[in-house]
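Okay, so here's the structure we're looking at.
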Amino acid sequence: KYYCAGVDLAGTLKPMWPGALRKRLYEMNIELFDIWLDFPKPIIAAMNGPAIGASVTSATLCDAVVASTEATFSTPFAKLGVPPEGCSSFNFPRLMGKETANRMLGPEGWVPNGAEAKVIGLVTDCVPPDQVLPHATQLAHKWIQSTDFPPPRSHMGFSDTAYLKIVNDSESKQLADAFLAPPFLQAQVNFLRSKNKIIPASIFQLLVFLRPLWKLML
């Protein structure tokens, strides 16, 4: 049982000119995380199982995160050849310290479980699987019953939404550039081959081979 397996790029992108594709990637990424940042009410993420990529980083834009003991948190950006997204370049070091953030976001690709995520500050609470929703609901009721409800948005303890939007904009630009760069394209070739998806892997391999030509259209 997964909380979320991450973004399905193949299912959301259509063939287009490289310059238009880079623009679309930037717009999609900044829009995705601005939704979390701009939402006017407090958000509690109830994470019942493994989470990958954007589903992990977006959780740090919530006001609280309740995780199952069976949850895991994977951010394989370095393995994919792309920079961090979802404000994780700022939020991860803020929440867990630079060294631990580098373990998750860098080449090691450390994947903490729910209990470990609680220790490093990535989640608010870690509970048994059957208690995730009840615990999140109880927390929501506690907020509702408080005298200052609704409380101002606090993205896991950080209330400067305007600054996070600046971070999101910067990350989105870097991500769009990285998706059209050789490390990401080759990583897709390797990943698809490992899944025995020969035709998609061949398409990415062709993109790598022809990049000296189509990069002129960026």
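Just remember, in the structure tokens the first chain shown is A, the second B, etc., residues are 1-based per chain, and ligands are 1-based in the order shown.
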
Long-range neighbours of A:Ser58 as a VMD selection string, 7 Å cut-off, only C-alpha atoms, 3 positions minimum in chain: chain A and resid 33 54 to 55 61 86

Quick one: residues within 7 Å of A:His155, only C-alpha atoms, excluding same-chain residues fewer than 3 positions away - as a PDB file with N, CA and C atoms, in the first residue's frame?
```
ATOM      1  N   THR A  60       6.212  18.422   3.342  1.00  0.00           N
ATOM      2  CA  THR A  60       6.858  19.440   4.174  1.00  0.00           C
ATOM      3  C   THR A  60       6.225  20.815   3.969  1.00  0.00           C
ATOM      4  N   LEU A  61       5.315  20.927   3.012  1.00  0.00           N
ATOM      5  CA  LEU A  61       4.573  22.172   2.809  1.00  0.00           C
ATOM      6  C   LEU A  61       3.249  22.146   3.564  1.00  0.00           C
ATOM      7  N   CYS A  62       2.962  21.018   4.223  1.00  0.00           N
ATOM      8  CA  CYS A  62       1.763  20.903   5.049  1.00  0.00           C
ATOM      9  C   CYS A  62       2.032  21.487   6.433  1.00  0.00           C
ATOM     10  N   ASP A  63       0.978  21.594   7.235  1.00  0.00           N
ATOM     11  CA  ASP A  63       1.119  22.117   8.591  1.00  0.00           C
ATOM     12  C   ASP A  63       1.511  21.024   9.577  1.00  0.00           C
ATOM     13  N   PHE A 158       7.329  26.665   9.430  1.00  0.00           N
ATOM     14  CA  PHE A 158       7.868  27.839   8.734  1.00  0.00           C
ATOM     15  C   PHE A 158       6.710  28.577   8.079  1.00  0.00           C
ATOM     16  N   SER A 159       6.495  29.823   8.471  1.00  0.00           N
ATOM     17  CA  SER A 159       5.293  30.554   8.060  1.00  0.00           C
ATOM     18  C   SER A 159       5.504  31.539   6.923  1.00  0.00           C
TER      19      SER A 159
END
```

Going by DSSP on the backbone, which residues of chain A come out as alpha helix (DSSP H)? List them as a ChimeraX atom specification. /A:9-12,18-38,54-57,77-80,88-96,98-105,114-120,132-145,161-179,182-194,198-214

Mind checking which residues fall within 9 Å of A:Phe77, counting only C-alpha atoms, ignoring those fewer than 2 positions away in the same chain, and posting them as a list in words? Gly53, Thr75, Lys79, Leu80, Gly81, Val82, Pro83, Pro84, Glu85, Met104, Leu105, Gly106, Pro107 and Gly109 of chain A

Please dump the current selection as a PDB file, in the first residue's frame; keep C-alpha atoms.
```pdb
ATOM      1  CA  GLY A  53       9.580  12.185  -4.795  1.00  0.00           C
ATOM      2  CA  THR A  75      13.695  11.374  -2.675  1.00  0.00           C
ATOM      3  CA  LYS A  79      19.889   9.090  -8.842  1.00  0.00           C
ATOM      4  CA  LEU A  80      17.595  10.563 -11.493  1.00  0.00           C
ATOM      5  CA  GLY A  81      20.026  13.340 -12.327  1.00  0.00           C
ATOM      6  CA  VAL A  82      17.733  16.193 -11.253  1.00  0.00           C
ATOM      7  CA  PRO A  83      17.906  18.828  -8.488  1.00  0.00           C
ATOM      8  CA  PRO A  84      15.580  18.861  -5.460  1.00  0.00           C
ATOM      9  CA  GLU A  85      12.036  20.224  -5.821  1.00  0.00           C
ATOM     10  CA  MET A 104      18.250  11.985   1.536  1.00  0.00           C
ATOM     11  CA  LEU A 105      18.712  14.366  -1.397  1.00  0.00           C
ATOM     12  CA  GLY A 106      22.240  13.403  -2.433  1.00  0.00           C
ATOM     13  CA  PRO A 107      23.869  10.311  -3.988  1.00  0.00           C
ATOM     14  CA  GLY A 109      19.513   8.430  -1.373  1.00  0.00           C
TER      15      GLY A 109
END
```

Which of A:Ser68, A:Phe204, A:Tyr3, A:Ile199 sits closest to A:Gln131 [using only C-alpha atoms]: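 With only C-alpha atoms as the atom set, the closest residue is A:Ser68.
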
Expected answer as a tab-separated table (two decimals) with all heavy atoms, in the first residue's frame: strand (DSSP E or B) residues in stretch 51-143 of chain A:
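The file below, selection.tsv, is the result:
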```
chain	number	residue	atom	x	y	z
A	51	ALA	N	6.26	6.70	0.27
A	51	ALA	CA	6.09	7.94	-0.49
A	51	ALA	C	7.38	8.21	-1.26
A	51	ALA	O	8.48	7.98	-0.75
A	51	ALA	CB	5.78	9.11	0.44
A	52	ILE	N	7.23	8.69	-2.49
A	52	ILE	CA	8.38	8.90	-3.36
A	52	ILE	C	8.31	10.30	-3.98
A	52	ILE	O	7.24	10.76	-4.39
A	52	ILE	CB	8.42	7.84	-4.48
A	52	ILE	CG1	8.49	6.43	-3.90
A	52	ILE	CG2	9.61	8.07	-5.41
A	52	ILE	CD1	8.38	5.31	-4.93
A	64	ALA	N	1.17	19.79	9.25
A	64	ALA	CA	1.54	18.65	10.09
A	64	ALA	C	1.55	17.40	9.23
A	64	ALA	O	0.84	17.32	8.22
A	64	ALA	CB	0.57	18.49	11.26
A	65	VAL	N	2.35	16.42	9.63
A	65	VAL	CA	2.44	15.15	8.91
A	65	VAL	C	2.34	14.01	9.91
A	65	VAL	O	3.15	13.91	10.83
A	65	VAL	CB	3.76	15.04	8.13
A	65	VAL	CG1	3.82	13.69	7.41
A	65	VAL	CG2	3.93	16.17	7.14
A	66	VAL	N	1.32	13.17	9.72
A	66	VAL	CA	1.16	11.97	10.53
A	66	VAL	C	1.53	10.77	9.66
A	66	VAL	O	0.92	10.54	8.62
A	66	VAL	CB	-0.29	11.82	11.04
A	66	VAL	CG1	-0.45	10.53	11.84
A	66	VAL	CG2	-0.69	13.03	11.88
A	67	ALA	N	2.55	10.03	10.09
A	67	ALA	CA	3.06	8.93	9.28
A	67	ALA	C	2.83	7.58	9.95
A	67	ALA	O	2.88	7.47	11.17
A	67	ALA	CB	4.55	9.12	9.02
A	68	SER	N	2.60	6.58	9.11
A	68	SER	CA	2.51	5.20	9.59
A	68	SER	C	3.91	4.66	9.88
A	68	SER	O	4.90	5.10	9.28
A	68	SER	CB	1.83	4.34	8.52
A	68	SER	OG	2.07	2.96	8.74
A	72	THR	N	7.63	4.94	4.25
A	72	THR	CA	9.03	5.23	3.92
A	72	THR	C	9.05	6.49	3.07
A	72	THR	O	8.05	6.85	2.43
A	72	THR	CB	9.70	4.07	3.15
A	72	THR	OG1	8.93	3.77	1.98
A	72	THR	CG2	9.81	2.83	4.02
A	73	PHE	N	10.21	7.15	3.04
A	73	PHE	CA	10.31	8.46	2.41
A	73	PHE	C	11.52	8.49	1.47
A	73	PHE	O	12.66	8.56	1.92
A	73	PHE	CB	10.41	9.55	3.47
A	73	PHE	CG	9.24	9.55	4.42
A	73	PHE	CD1	9.20	8.68	5.51
A	73	PHE	CD2	8.16	10.39	4.21
A	73	PHE	CE1	8.12	8.66	6.38
A	73	PHE	CE2	7.07	10.37	5.07
A	73	PHE	CZ	7.05	9.50	6.15
A	74	SER	N	11.23	8.43	0.18
A	74	SER	CA	12.30	8.35	-0.83
A	74	SER	C	12.33	9.60	-1.70
A	74	SER	O	11.30	10.01	-2.26
A	74	SER	CB	12.08	7.11	-1.71
A	74	SER	OG	13.02	7.08	-2.76
A	113	ASN	N	12.40	5.33	7.39
A	113	ASN	CA	11.04	4.83	7.65
A	113	ASN	C	10.30	5.84	8.52
A	113	ASN	O	10.83	6.91	8.84
A	113	ASN	CB	11.10	3.44	8.29
A	113	ASN	CG	11.89	3.43	9.59
A	113	ASN	OD1	11.89	4.41	10.34
A	113	ASN	ND2	12.56	2.32	9.87
A	125	ASP	N	4.27	13.20	13.68
A	125	ASP	CA	3.99	12.04	14.52
A	125	ASP	C	4.13	10.77	13.70
A	125	ASP	O	3.89	10.77	12.48
A	125	ASP	CB	2.58	12.11	15.11
A	125	ASP	CG	2.42	13.25	16.10
A	125	ASP	OD1	3.14	13.27	17.10
A	125	ASP	OD2	1.56	14.12	15.85
A	126	CYS	N	4.48	9.67	14.37
A	126	CYS	CA	4.54	8.35	13.75
A	126	CYS	C	3.71	7.40	14.59
A	126	CYS	O	3.96	7.25	15.80
A	126	CYS	CB	5.98	7.87	13.64
A	126	CYS	SG	6.15	6.22	12.93
A	127	VAL	N	2.73	6.75	13.96
A	127	VAL	CA	1.79	5.90	14.70
A	127	VAL	C	1.61	4.58	13.95
A	127	VAL	O	1.96	4.48	12.77
A	127	VAL	CB	0.43	6.60	14.87
A	127	VAL	CG1	0.60	7.88	15.69
A	127	VAL	CG2	-0.19	6.92	13.52
```

Can you tell me, as a PyMOL selection string, what residues are no more than 8 Å from A:Gln188 when counting only C-alpha atoms, ignoring any on the same chain fewer than 2 positions away? chain A and resi 80+184-186+190-192+201+204

Between atom CA of A:Thr137 and atom CA of A:Ala46, distance in Å (one decimal):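 Distance reported for this atom pair: 9.2 Å.
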
Best match for closeness to A:Leu25 among A:Leu37, A:Val119, A:Ile144, A:Ala178, counting only C-alpha atoms: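 Nearest candidate to A:Leu25 out of A:Leu37, A:Val119, A:Ile144, A:Ala178: A:Ala178.
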
Taken to one decimal, the atom CA of A:Arg24-atom CA of A:Leu213 distance is 20.3 Å

Just want the 12 Å neighbourhood of A:Asp38, counted on only C-alpha atoms, with same-chain residues fewer than 5 positions away dropped. Output as a PyMOL selection string. chain A and resi 30-33+43+61-62+152-155+159-162+164-165

Same residues, N, CA and C atoms, output as a compact mmCIF listing (two decimals), in the first residue's frame:
```txt
# COMPACT_ATOMS: atom_id res chain seq x y z
N ILE A 30 6.07 24.53 -10.84
CA ILE A 30 5.77 25.65 -9.94
C ILE A 30 4.29 25.65 -9.55
N GLU A 31 3.41 25.27 -10.49
CA GLU A 31 1.98 25.22 -10.20
C GLU A 31 1.67 24.14 -9.17
N LEU A 32 2.31 22.99 -9.32
CA LEU A 32 2.06 21.86 -8.41
C LEU A 32 2.30 22.25 -6.95
N PHE A 33 3.44 22.87 -6.68
CA PHE A 33 3.77 23.16 -5.29
C PHE A 33 3.17 24.47 -4.80
N ILE A 43 -3.28 22.12 6.52
CA ILE A 43 -3.25 20.81 5.85
C ILE A 43 -2.53 19.81 6.74
N LEU A 61 5.32 20.93 3.01
CA LEU A 61 4.57 22.17 2.81
C LEU A 61 3.25 22.15 3.56
N CYS A 62 2.96 21.02 4.22
CA CYS A 62 1.76 20.90 5.05
C CYS A 62 2.03 21.49 6.43
N PRO A 152 -2.87 30.51 11.26
CA PRO A 152 -2.17 30.86 10.03
C PRO A 152 -1.40 29.66 9.49
N ARG A 153 -1.24 29.58 8.18
CA ARG A 153 -0.50 28.47 7.59
C ARG A 153 0.92 28.43 8.14
N SER A 154 1.38 27.24 8.46
CA SER A 154 2.74 27.02 8.94
C SER A 154 3.26 25.75 8.30
N HIS A 155 4.13 25.90 7.33
CA HIS A 155 4.63 24.77 6.56
C HIS A 155 5.68 24.01 7.37
N SER A 159 6.49 29.82 8.47
CA SER A 159 5.29 30.55 8.06
C SER A 159 5.50 31.54 6.92
N ASP A 160 6.74 31.69 6.45
CA ASP A 160 7.01 32.68 5.39
C ASP A 160 6.70 32.06 4.03
N THR A 161 5.43 32.05 3.68
CA THR A 161 5.00 31.45 2.41
C THR A 161 5.62 32.16 1.21
N ALA A 162 5.75 33.47 1.29
CA ALA A 162 6.32 34.24 0.17
C ALA A 162 7.74 33.78 -0.13
N LEU A 164 9.00 30.75 0.50
CA LEU A 164 8.93 29.42 -0.08
C LEU A 164 8.53 29.47 -1.55
N LYS A 165 7.72 30.46 -1.94
CA LYS A 165 7.34 30.59 -3.34
C LYS A 165 8.54 31.03 -4.18
```

Can you list, as a VMD selection string, every protein, DNA or RNA residue that comes within 6 Å of A:Ala71 when you count only C-alpha atoms, leaving out same-chain residues fewer than 5 positions away? chain A and resid 48 to 50 113 to 114

Which distance in Å separates atom CA of A:Leu216 and atom CA of A:Lys197, to one decimal? 28.8 Å
